[in-house]
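Asker: Got a structure for you, questions after.
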Amino acid sequence: MPRLTLHYYALLREQAGRSSETVETGARTPAALYAELAARHRFRLSAAQLQVAVNGAFSGFDRALEDGDEVVFIPPVAGG
Amino acid sequence: MSAFWISRDPIDATALAAPLARPDSGGFASFEGRVRNHHEGRAVTALDYEAFESLAVAEGERIVAEALGRHGALEARCVHRVGRLAVGEVAVWVGVSAPHRAEAFAACRAIIEAVKHRLPIWKKEHYADGDSGWVNCEHARTAAPAPFDYSRQLALPEVGAEGQARLAAARVLVVGAGGLGCAVLASLAGAGVGEITVMDPDRVEASNLHRQPLFAAADVGRPKAEAAAERLRAYNPDVAVRAAVARFDGATADERVASADVVVDCTDNFSAKFRVNDAAMRAGVPAVLASVYQYEGQLQVVRADRGGSCLRCQWPEATRDGLVGNCEQAGVLGPVPAVLGQLQAMEVLKLLLGLPGQLGNEVLLVDLLAAGQRRLAAPRDPRCAGGCIRIADAAAARAPETLDIEMPLEAAAAAGYRIVDIREPMECAFEPLPVSGQQSLPLGRLLDGALAVEPQQRYLLVCAHGVRSHAAAEFLRARGHPNVWSLQGGLAGQAR
């Protein structure tokens, strides 16, 4: 199964209890991956409220994921 | 040898400069103040200088020592003439040796300004018409502030006198005087940005102080914009600071953005951030945006002047406030907005000075617990030709009961709409939707109840011209599904 490196920010980092992890997953897209992670970490935000970046660039939730990809889920942040 | 003295004899600049030549000095600057043949429209034939010598010498020595220390110069001399001087004669001479030219110029300037202001030396002008008078006893104004000294940034080869002049000519609008704003304002004022407008409708609260060091405890209750402006004026009198105790909104906000070279978003809520973003996009003025959350922050530079990506390319539909916590609800450590604010100030200076490495079409994520940064490419939505604003305006204008919405399909998909293509299979094969992940369900099957509507999911129905999809949306709404919309103009409308 593809092995992915994940990074979390802000609310997601809190809810996941970590800022990064490596997972082996059958998820083929960020959307599927997020659904899997949301169930495991009890993320409260829906994918529609997030941005995802793959390998250092913002990307869609339906792109294909490959072994070794680095995936960052980014919630909106507004404090100032 | 003393550094300051009074001379009754003519000043010989060459002889004075000679002993200041030293092997560790790469820069020598000198200044000569000469007798001018006119003053306030009257012809002047000669000057008499008079000094309170013992005090002038002691104070002159102090002035030279201060300037050397403050500006990092090596050695200086200053001589002031007394007695009768003819037009063209040198009344005062300053020479400074320093490691580089920047320190030499700065120290030389500081010495002559202080000499004019502080020394007990008087001059009497003799006019061509035979009249005479004591004039311009500038030392009486002892309260004159020392000039703000930019020598340390002038010394940077990328800044120099030209860069400093650009900063002095620049106008920056800072929206929000909170944790981000305090850091941005202090750094921009320190850099000598010529005109700074600080805009904030709120008053200083005691809970602000730990992360907003422009405010003193005694400022609690005062309008933040006014307290910040007052502090900044005292900090650097070179800067024209304007205070606007107002919410960033409407035509006034647009005008303020349009007359700025850069706008800096230091607000603490999404609706304000989108208002700043949109105003910058409308005016074509670059914007530097930042947000913080607990120990983290996000930074984005919107090059509205270059058609760059903006906040709406990342968040196509204005994110609602209340979704994630702000500083009040989630807490924040003081250095977090301070660091992000300094990063904003840095990007502003990079823009104004044309320095390399500017952020553009990127988002910088900063995690101060992990002490890490991540720079993510954030390109413009390819379908967005100034469309960000259109999407924004459409979204804002959309009443909940509106059925038809107009937006690029990719933006809709990114905003979380599930896109349902209700055209017939042949139509779909002939012209597929320009977006991936859509669901195909011909109208007939939809009307048969084949669409399993998830209550929390929003649906956007698409057909060729928006007529069938309008009807289908009406049909589903009537069956108790409020989160269903029709793409106005259909697929044909997307091509326009």
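Chains: A, B, ... in order of the structure tokens. Residues: from 1 per chain. Ligands: from 1, in order shown.
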Contacts between chain B and chain A, please, where a residue of chain A counts if it comes within 12 Å (with only C-alpha atoms); show its shortest atom pair and distance in Å to one decimal, rows by chain and ascending number, as a Markdown table.
Answerer:
```
| residue | atom | partner | partner_atom | distance |
| --- | --- | --- | --- | --- |
| A:His7 | CA | B:Arg374 | CA | 10.3 |
| A:Tyr8 | CA | B:Asp367 | CA | 10.2 |
| A:Tyr9 | CA | B:Glu296 | CA | 7.7 |
| A:Ala10 | CA | B:Tyr293 | CA | 6.3 |
| A:Leu11 | CA | B:Val324 | CA | 7.2 |
| A:Leu12 | CA | B:Val324 | CA | 10.3 |
| A:Arg13 | CA | B:Glu296 | CA | 10.4 |
| A:Glu14 | CA | B:Gln294 | CA | 10.3 |
| A:Arg18 | CA | B:Ala370 | CA | 10.7 |
| A:Ser19 | CA | B:Ala370 | CA | 8.3 |
| A:Ser20 | CA | B:Ala370 | CA | 10.5 |
| A:Thr29 | CA | B:Gly437 | CA | 11.0 |
| A:Ala31 | CA | B:Gly437 | CA | 10.6 |
| A:Arg44 | CA | B:Leu323 | CA | 9.8 |
| A:Leu45 | CA | B:Leu323 | CA | 8.2 |
| A:Ser46 | CA | B:Gly416 | CA | 9.1 |
| A:Ala47 | CA | B:Gly416 | CA | 7.6 |
| A:Ala48 | CA | B:Gly416 | CA | 4.4 |
| A:Gln49 | CA | B:Thr319 | CA | 7.4 |
| A:Leu50 | CA | B:Trp315 | CA | 8.3 |
| A:Gln51 | CA | B:Gln314 | CA | 7.2 |
| A:Val52 | CA | B:Gln314 | CA | 9.6 |
| A:Ala53 | CA | B:Leu376 | CA | 7.3 |
| A:Val54 | CA | B:Leu376 | CA | 9.1 |
| A:Asn55 | CA | B:Leu376 | CA | 8.5 |
| A:Gly56 | CA | B:Leu376 | CA | 4.8 |
| A:Ala57 | CA | B:Ala377 | CA | 4.3 |
| A:Phe58 | CA | B:Ala378 | CA | 5.4 |
| A:Ser59 | CA | B:Ala378 | CA | 8.5 |
| A:Gly60 | CA | B:Ala414 | CA | 7.1 |
| A:Phe61 | CA | B:Ala414 | CA | 8.0 |
| A:Asp62 | CA | B:Gly437 | CA | 6.8 |
| A:Arg63 | CA | B:Ser436 | CA | 9.2 |
| A:Ala64 | CA | B:Ser436 | CA | 11.7 |
| A:Glu70 | CA | B:Leu376 | CA | 11.8 |
| A:Val71 | CA | B:Leu376 | CA | 11.3 |
| A:Val72 | CA | B:Leu376 | CA | 9.7 |
| A:Phe73 | CA | B:Leu365 | CA | 11.4 |
| A:Ile74 | CA | B:Leu365 | CA | 9.1 |
| A:Pro75 | CA | B:Val324 | CA | 8.2 |
| A:Pro76 | CA | B:Val324 | CA | 7.2 |
| A:Val77 | CA | B:Ser291 | CA | 5.8 |
| A:Ala78 | CA | B:Ser291 | CA | 4.9 |
| A:Gly79 | CA | B:Asp268 | CA | 4.3 |
| A:Gly80 | CA | B:Asp268 | CA | 4.2 |
```
Asker: Store the residues picked out above in a file with C-alpha atoms, as a compact mmCIF listing (two decimals), in the first residue's frame.
Answerer:
```
# COMPACT_ATOMS: atom_id res chain seq x y z
CA HIS A 7 1.32 17.16 8.17
CA TYR A 8 -1.40 18.84 10.18
CA TYR A 9 -1.89 22.46 11.09
CA ALA A 10 -3.94 24.39 13.65
CA LEU A 11 -7.25 22.75 14.56
CA LEU A 12 -6.34 19.51 12.78
CA ARG A 13 -3.03 19.29 14.64
CA GLU A 14 -4.91 19.66 17.92
CA ARG A 18 0.35 15.39 16.43
CA SER A 19 1.79 17.64 13.77
CA SER A 20 2.81 14.86 11.41
CA THR A 29 -7.15 10.64 -3.40
CA ALA A 31 -10.66 13.18 -0.39
CA ARG A 44 -14.76 18.03 13.06
CA LEU A 45 -14.10 20.02 9.87
CA SER A 46 -15.42 18.71 6.60
CA ALA A 47 -13.12 18.42 3.60
CA ALA A 48 -15.02 21.30 1.98
CA GLN A 49 -13.76 23.58 4.75
CA LEU A 50 -10.10 22.66 4.19
CA GLN A 51 -7.32 23.06 1.72
CA VAL A 52 -4.94 20.30 0.79
CA ALA A 53 -1.39 20.59 -0.51
CA VAL A 54 0.46 17.67 -2.09
CA ASN A 55 4.24 17.81 -2.42
CA GLY A 56 4.44 21.51 -1.64
CA ALA A 57 1.64 22.81 -3.84
CA PHE A 58 -2.03 23.42 -3.25
CA SER A 59 -4.01 20.74 -5.01
CA GLY A 60 -7.52 19.41 -5.52
CA PHE A 61 -9.08 16.77 -3.31
CA ASP A 62 -9.55 14.45 -6.28
CA ARG A 63 -5.98 14.17 -7.58
CA ALA A 64 -4.27 10.79 -7.49
CA GLU A 70 3.69 14.47 1.27
CA VAL A 71 0.15 15.60 2.08
CA VAL A 72 -0.69 18.68 4.15
CA PHE A 73 -4.23 19.39 5.32
CA ILE A 74 -4.71 23.10 6.09
CA PRO A 75 -7.68 24.49 7.97
CA PRO A 76 -8.60 28.15 7.63
CA VAL A 77 -7.06 30.46 10.23
CA ALA A 78 -8.24 34.00 11.01
CA GLY A 79 -6.63 35.25 14.23
CA GLY A 80 -4.64 38.41 14.25
```
Asker: Give me, as a list in words, all polymer residues having an atom no more than 9 Å from Gly26 in chain A, counting only C-alpha atoms and skipping those fewer than 3 positions away in the same chain.
Answerer: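 Here the answer would be Met1, Pro2, Ala32 and Leu33 of chain A.
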Asker: Would you please extract all strand (DSSP E) residues from range 184-319 of chain B, as assigned by DSSP on the backbone, and give them as number ranges by chain?
Answerer: B: 195-199, 240-244, 262-265, 287-293, 296-302
Asker: Keeping only N, CA and C atoms, write the selected residues to a file as a PDB file, in the first residue's frame.
Answerer:
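Just written: again-v9.pdb:
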```
ATOM      1  N   GLU B 195       4.559  57.371   4.932  1.00  0.00           N
ATOM      2  CA  GLU B 195       3.198  57.621   5.382  1.00  0.00           C
ATOM      3  C   GLU B 195       2.532  56.300   5.742  1.00  0.00           C
ATOM      4  N   ILE B 196       2.047  56.209   6.965  1.00  0.00           N
ATOM      5  CA  ILE B 196       1.396  54.986   7.433  1.00  0.00           C
ATOM      6  C   ILE B 196       0.005  55.349   7.926  1.00  0.00           C
ATOM      7  N   THR B 197      -1.007  54.648   7.399  1.00  0.00           N
ATOM      8  CA  THR B 197      -2.362  54.814   7.918  1.00  0.00           C
ATOM      9  C   THR B 197      -2.703  53.573   8.726  1.00  0.00           C
ATOM     10  N   VAL B 198      -3.135  53.773   9.956  1.00  0.00           N
ATOM     11  CA  VAL B 198      -3.533  52.639  10.794  1.00  0.00           C
ATOM     12  C   VAL B 198      -5.038  52.727  11.023  1.00  0.00           C
ATOM     13  N   MET B 199      -5.706  51.608  10.705  1.00  0.00           N
ATOM     14  CA  MET B 199      -7.163  51.592  10.695  1.00  0.00           C
ATOM     15  C   MET B 199      -7.647  50.510  11.646  1.00  0.00           C
ATOM     16  N   ALA B 240       4.719  60.218   8.746  1.00  0.00           N
ATOM     17  CA  ALA B 240       3.380  60.803   8.865  1.00  0.00           C
ATOM     18  C   ALA B 240       2.415  59.661   9.163  1.00  0.00           C
ATOM     19  N   VAL B 241       1.880  59.632  10.375  1.00  0.00           N
ATOM     20  CA  VAL B 241       0.994  58.538  10.779  1.00  0.00           C
ATOM     21  C   VAL B 241      -0.431  59.064  10.852  1.00  0.00           C
ATOM     22  N   ARG B 242      -1.336  58.413  10.135  1.00  0.00           N
ATOM     23  CA  ARG B 242      -2.747  58.779  10.166  1.00  0.00           C
ATOM     24  C   ARG B 242      -3.520  57.697  10.892  1.00  0.00           C
ATOM     25  N   ALA B 243      -4.437  58.122  11.745  1.00  0.00           N
ATOM     26  CA  ALA B 243      -5.270  57.175  12.477  1.00  0.00           C
ATOM     27  C   ALA B 243      -6.677  57.202  11.907  1.00  0.00           C
ATOM     28  N   ALA B 244      -7.246  56.033  11.646  1.00  0.00           N
ATOM     29  CA  ALA B 244      -8.645  55.946  11.201  1.00  0.00           C
ATOM     30  C   ALA B 244      -9.373  55.014  12.159  1.00  0.00           C
ATOM     31  N   VAL B 262       0.882  49.683  -0.671  1.00  0.00           N
ATOM     32  CA  VAL B 262       0.688  48.316  -0.176  1.00  0.00           C
ATOM     33  C   VAL B 262      -0.354  48.377   0.929  1.00  0.00           C
ATOM     34  N   VAL B 263      -1.216  47.347   1.005  1.00  0.00           N
ATOM     35  CA  VAL B 263      -2.138  47.244   2.127  1.00  0.00           C
ATOM     36  C   VAL B 263      -1.762  45.992   2.922  1.00  0.00           C
ATOM     37  N   VAL B 264      -1.776  46.115   4.240  1.00  0.00           N
ATOM     38  CA  VAL B 264      -1.379  45.006   5.102  1.00  0.00           C
ATOM     39  C   VAL B 264      -2.585  44.586   5.926  1.00  0.00           C
ATOM     40  N   ASP B 265      -2.987  43.325   5.784  1.00  0.00           N
ATOM     41  CA  ASP B 265      -4.142  42.818   6.519  1.00  0.00           C
ATOM     42  C   ASP B 265      -3.691  42.239   7.848  1.00  0.00           C
ATOM     43  N   ALA B 287      -1.333  43.225  -1.531  1.00  0.00           N
ATOM     44  CA  ALA B 287      -1.765  43.079  -0.142  1.00  0.00           C
ATOM     45  C   ALA B 287      -0.944  41.989   0.526  1.00  0.00           C
ATOM     46  N   VAL B 288      -0.581  42.218   1.784  1.00  0.00           N
ATOM     47  CA  VAL B 288       0.152  41.218   2.562  1.00  0.00           C
ATOM     48  C   VAL B 288      -0.759  40.773   3.695  1.00  0.00           C
ATOM     49  N   LEU B 289      -1.198  39.513   3.643  1.00  0.00           N
ATOM     50  CA  LEU B 289      -2.180  39.017   4.600  1.00  0.00           C
ATOM     51  C   LEU B 289      -1.550  38.004   5.540  1.00  0.00           C
ATOM     52  N   ALA B 290      -1.998  38.038   6.789  1.00  0.00           N
ATOM     53  CA  ALA B 290      -1.544  37.007   7.725  1.00  0.00           C
ATOM     54  C   ALA B 290      -2.646  36.702   8.723  1.00  0.00           C
ATOM     55  N   SER B 291      -2.580  35.486   9.256  1.00  0.00           N
ATOM     56  CA  SER B 291      -3.513  35.027  10.273  1.00  0.00           C
ATOM     57  C   SER B 291      -2.743  34.172  11.257  1.00  0.00           C
ATOM     58  N   VAL B 292      -3.204  34.159  12.498  1.00  0.00           N
ATOM     59  CA  VAL B 292      -2.549  33.296  13.474  1.00  0.00           C
ATOM     60  C   VAL B 292      -3.585  32.452  14.206  1.00  0.00           C
ATOM     61  N   TYR B 293      -3.105  31.318  14.698  1.00  0.00           N
ATOM     62  CA  TYR B 293      -3.942  30.434  15.493  1.00  0.00           C
ATOM     63  C   TYR B 293      -3.035  29.767  16.517  1.00  0.00           C
ATOM     64  N   GLU B 296       0.624  29.014  15.593  1.00  0.00           N
ATOM     65  CA  GLU B 296       0.887  28.894  14.163  1.00  0.00           C
ATOM     66  C   GLU B 296       0.396  30.113  13.403  1.00  0.00           C
ATOM     67  N   GLY B 297       0.828  30.233  12.186  1.00  0.00           N
ATOM     68  CA  GLY B 297       0.335  31.323  11.360  1.00  0.00           C
ATOM     69  C   GLY B 297       0.422  30.995   9.891  1.00  0.00           C
ATOM     70  N   GLN B 298      -0.311  31.774   9.108  1.00  0.00           N
ATOM     71  CA  GLN B 298      -0.285  31.658   7.656  1.00  0.00           C
ATOM     72  C   GLN B 298      -0.024  33.048   7.077  1.00  0.00           C
ATOM     73  N   LEU B 299       0.788  33.089   6.031  1.00  0.00           N
ATOM     74  CA  LEU B 299       1.152  34.360   5.410  1.00  0.00           C
ATOM     75  C   LEU B 299       0.957  34.245   3.904  1.00  0.00           C
ATOM     76  N   GLN B 300       0.345  35.251   3.307  1.00  0.00           N
ATOM     77  CA  GLN B 300       0.126  35.234   1.854  1.00  0.00           C
ATOM     78  C   GLN B 300       0.301  36.643   1.306  1.00  0.00           C
ATOM     79  N   VAL B 301       1.039  36.754   0.212  1.00  0.00           N
ATOM     80  CA  VAL B 301       1.179  38.053  -0.449  1.00  0.00           C
ATOM     81  C   VAL B 301       0.339  38.014  -1.719  1.00  0.00           C
ATOM     82  N   VAL B 302      -0.644  38.885  -1.790  1.00  0.00           N
ATOM     83  CA  VAL B 302      -1.546  38.920  -2.947  1.00  0.00           C
ATOM     84  C   VAL B 302      -1.042  39.995  -3.909  1.00  0.00           C
TER      85      VAL B 302
END
```
Asker: Can you work out the spacing between CA of Leu352 in chain B and CA of Ser151 in chain B in Å, to one decimal?
Answerer: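 Separation of CA of Leu352 in chain B and CA of Ser151 in chain B: 18.2 Å.
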Asker: At a cut-off of 9 Å, using only C-alpha atoms, what residues contact Ser440 in chain B? Leave out same-chain residues fewer than 5 positions from it and give the result as a list in words.
Answerer: Ile419, Val420, Asp421, Ile422, Arg423, Glu424, Pro425 and Cys428 of chain B
Asker: Identify, on the basis of only C-alpha atoms, every residue whose closest approach to Gly88 in chain B does not exceed 9 Å; exclude the query and any residue fewer than 4 positions from it along the same chain; express the result as a PyMOL selection string.
Answerer: chain B and resi 34-37
Asker: Residues of chain A classed as alpha helix (DSSP H) by DSSP on the backbone are to be reported as a ChimeraX atom specification.
Answerer: /A:10-16,30-41
Asker: Rounded to one decimal place, report the CA of Ala492 in chain B-CA of Glu474 in chain B distance in Å.
Answerer: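 CA of Glu474 in chain B lies at a distance of 20.5 Å from CA of Ala492 in chain B.
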Asker: Just want the 7 Å neighbourhood of Leu154 in chain B, counted on only C-alpha atoms, with same-chain residues fewer than 5 positions away dropped. Output as a PyMOL selection string.
Answerer: chain B and resi 102+159-161+164
Asker: I need the residues from that last selection saved to file as a CSV table (one decimal), in the first residue's frame (with C-alpha atoms), if you can.
Answerer:
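What follows is the written file selection_5.csv:
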```
chain,number,residue,atom,x,y,z
B,102,ALA,CA,27.3,55.4,5.5
B,159,VAL,CA,18.9,49.6,0.5
B,160,GLY,CA,21.3,52.5,0.4
B,161,ALA,CA,20.2,56.1,0.0
B,164,GLN,CA,15.7,54.9,1.9
```
Asker: Smallest atom-to-atom distance to Asp69 in chain A: which of A:Ala35, A:Val23, A:Leu4, A:Ala16, using only C-alpha atoms?
Answerer: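 The shortest atom-to-atom distance to Asp69 in chain A comes from A:Leu4.
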Asker: I'd like the neighbourhood of range 16-23 of chain B as a list in words, where a residue qualifies if any of its atoms comes within 9 Å (using only C-alpha atoms), though same-chain residues fewer than 4 positions away should be ignored.
Answerer: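 Those residues are Ile11, Asp12, Phe28, Ser30, Glu75, Ala76, Arg77, Cys78, Val79, Trp93, Gly95, Val96 and Ser97 of chain B.
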Asker: Expressed in Å to a single decimal, how great is the separation between CA of Gly221 in chain B and CA of Glu205 in chain B?
Answerer: 6.3 Å
